[in-house]
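K.L.:
Please read through the structure below; I'll follow up with questions.
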Number of protein chains: 2
Amino acid sequence: MPEAPAPHVFDTAIALAHQGGDDFAGHTSPAYWNMIGPFGGITAAIALNAVLQHPQLLGEPVSLTVNFAGPVTQGPFTARARPARTNRSTQHWWVELVQTGADGEESVSTTATVVTAARRATWGASDAPMPAVPAPADVARSVRPGNVAAWLARYEVRTIEGDIPQVWEGQHAESSLSRWWLRDDPPRPLDFASLTAMADVFFPRVWLKRATRVPVGTVSMTVYFHADGAQLAANGEQYLLAEARAQAFRDGFFDQTGLLWGADGRLLCSTHQVVYYKE
Amino acid sequence: MPEAPAPHVFDTAIALAHQGGDDFAGHTSPAYWNMIGPFGGITAAIALNAVLQHPQLLGEPVSLTVNFAGPVTQGPFTARARPARTNRSTQHWWVELVQTGADGEESVSTTATVVTAARRATWGASDAPMPAVPAPADVARSVRPGNVAAWLARYEVRTIEGDIPQVWEGQHAESSLSRWWLRDDPPRPLDFASLTAMADVFFPRVWLKRATRVPVGTVSMTVYFHADGAQLAANGEQYLLAEARAQAFRDGFFDQTGLLWGADGRLLCSTHQVVYYKE
């Protein structure tokens, strides 16, 4: 009998064991570790996955907001997903990720809300067509220092414009726009969880803008899904085109807006976040 | 002794009476009624106001996400705001609006998360400068049929481009961009609650794009605040410049992104929403 293939490292990282009721047990993943906590995208994917695994789930994700409320320490956590309201074709979810401290007290590291819905075919249009860019094969792979943060090695990034500064000398960038081709490394068929994580792969716009590596942390992140599960599956392991730009930087917080298109040119999701920065 | 001036209709609409603990009592406002429920912006302002009135509040709003989970009926409601986590300089909130039905059962109409923070002066920049547009006095006031939906009469809108279609004949608009000057009617000094409501004043982009008045409803809305309370207060009763555009329309949902600038040209907030549409 052939052995089952080993699961992809992403699937291991977001794996949840249903504990009955609304609780799911998970464990942080060294493979997606950032500097002092998990990569925010993996945390967002876990929050979504708790809804996707919930026996009462209706429909597919339309909207996700994840708030990074406090530090996550290496080890086990509980993802708790609860339907706040179920309608005929939409469902609204509360999600929280909690960890139990040495004192036995639960603390909330992450809060989230998710909207799922049964989607139906309708009239459609796009006001955000995929920009004309060189093909992935014509763009060099960007160096992503996995020794600095493990999760960087989990993504293949081919930067078209707006690369992370190669020198950090405070030179001021006019634009905060980055564009790159992006996929999991090793490649993995696209789904809602992996798209959610990829919506957080953009390095902080404040680093691009200032070429100064100030401390940063995403505070809140939203993803609006424009594709259903079948459209995501059809993308398979092909590259996504991703872009992000900032709007305003002021008094310790900036926002950035991103778009991710599939290989067929369709917009798969838009994503927004507000990020803390120091100084 | 002079009489106290009557409160502004907006303040009456968002008024909450603290019931102790995390509960606040409010009442829907006929003045901000939409077709079959309250104007979404007033609901968002009420959700935020529950946090602003909470005795444990730390700092000022940075981020708000409101999910419109179910119908709101005319009458009393409870706004419940609970700190999920309080850090040294940021605080994460759960908010829900509930109504008690004739059967005595509570039902959740609205869920929300809010992040508040103590902001500190830092380096800043804007990548979304206010566009060059004619002054408010040089733009005609748009007709907003308050007899169709009461809340429309609560705002003075002076449309620069992307007006609501005057004929509904299914003509297709190339762009989903609208820009207008905007303020409360009667004028009211700007604050976090009124800015939140104004972030939802844009009519649905699908109407502009299709010139077909399909049924719509906002599913989830996010506001990122770039200004602190003092900057909002400095705007006073002056007009805001507001713009919104859509990204993608597909299978019953579209997203729109908006920006609101103060009279001094500074970006006050960015806002995003995903909207259900039929057909």
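The chains in the structure tokens are called A, B, ... from first to last as shown; in each chain the residues are counted from 1, and the ligands are counted from 1 in the order shown.
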Starting from chain A, keep only residues with some atom at most 7 Å from an atom of chain B, counting only C-alpha atoms, and report them as a PyMOL selection string.
P.N.:
chain A and resi 69+84-85+92+108+119-128+175+224+226+246-252+274+279
K.L.:
Per DSSP on the backbone, filter region 9-238 of chain B down to the residues in alpha helix (DSSP H) and report them as a PyMOL selection string.
P.N.:
chain B and resi 9-14+40-52+192-198+205-210+229-235
K.L.:
Taking the DSSP assignment computed from this structure's backbone, write out as a ChimeraX atom specification all residues of region 71-271 of chain B that belong to strand (DSSP E).
P.N.:
/B:76-86,90-100,106-117,125-126,155-161,178-184,216-225,240-250,253-261,267-271
K.L.:
Could you name the residues that touch region 155-170 of chain B at 10 Å or less, counting only C-alpha atoms, but leaving out those on the same chain fewer than 2 positions away, as JSON, numbers by chain?
P.N.:
{"B": [133, 134, 135, 136, 137, 138, 139, 140, 141, 142, 143, 144, 146, 151, 152, 153, 172, 173, 175, 176, 177, 178, 179, 180, 181, 182, 183, 184, 185, 186, 187, 198, 201, 202, 203, 204, 205, 207, 208, 209, 210, 211, 212, 213, 239, 240, 241, 242, 243, 244, 245]}
K.L.:
Hey, what's within 8 Å of Ala25 (chain B) if we count only C-alpha atoms and toss same-chain stuff fewer than 6 positions away? As a ChimeraX atom specification, please?
P.N.:
/B:16-19,76-79
K.L.:
Please write the residues from the selection above to a file, keeping C-alpha atoms, as an mmCIF file, in the first residue's frame.
P.N.:
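Contents of again_23.cif, freshly written:
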```cif
data_model
loop_
_atom_site.group_PDB
_atom_site.id
_atom_site.type_symbol
_atom_site.label_atom_id
_atom_site.label_comp_id
_atom_site.auth_asym_id
_atom_site.auth_seq_id
_atom_site.Cartn_x
_atom_site.Cartn_y
_atom_site.Cartn_z
ATOM 1 C CA LEU B 16 -26.916 55.428 24.747
ATOM 2 C CA ALA B 17 -27.842 55.105 28.421
ATOM 3 C CA HIS B 18 -25.343 53.080 30.432
ATOM 4 C CA GLN B 19 -27.099 50.184 32.168
ATOM 5 C CA PRO B 76 -35.219 49.794 21.701
ATOM 6 C CA PHE B 77 -31.949 47.879 21.450
ATOM 7 C CA THR B 78 -29.029 47.019 23.684
ATOM 8 C CA ALA B 79 -25.477 47.868 22.645
#
```
K.L.:
Just how far from CA of Asp11 (chain B) is CA of Ile46 (chain B), in Å to one decimal?
P.N.:
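A separation of 10.0 Å between them.
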K.L.:
Mind checking which residues fall within 6 Å of region 32-38 of chain A, counting only C-alpha atoms, ignoring those fewer than 6 positions away in the same chain, and posting them as a short mmCIF file (atom, residue, chain, number, x, y, z; two decimals) with C-alpha atoms, in the first residue's frame?
P.N.:
```
data_model
loop_
_atom_site.label_atom_id
_atom_site.label_comp_id
_atom_site.auth_asym_id
_atom_site.auth_seq_id
_atom_site.Cartn_x
_atom_site.Cartn_y
_atom_site.Cartn_z
CA VAL A 72 1.07 34.60 20.96
CA ALA A 149 12.09 35.03 10.09
CA ALA A 150 11.17 31.42 9.29
CA TRP A 151 7.91 32.27 7.50
#
```
K.L.:
So, with only C-alpha atoms as the atoms that count, which of B:Pro71, B:Arg80, B:Gly41, B:Ala230 lies closest to Gly101 (chain B)?
P.N.:
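Residue with the minimum atom-to-atom distance to Gly101 (chain B): B:Pro71.
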K.L.:
Between CA of Ser29 (chain A) and CA of Asp103 (chain A), measure the distance and give it in Å to one decimal.
P.N.:
23.1 Å
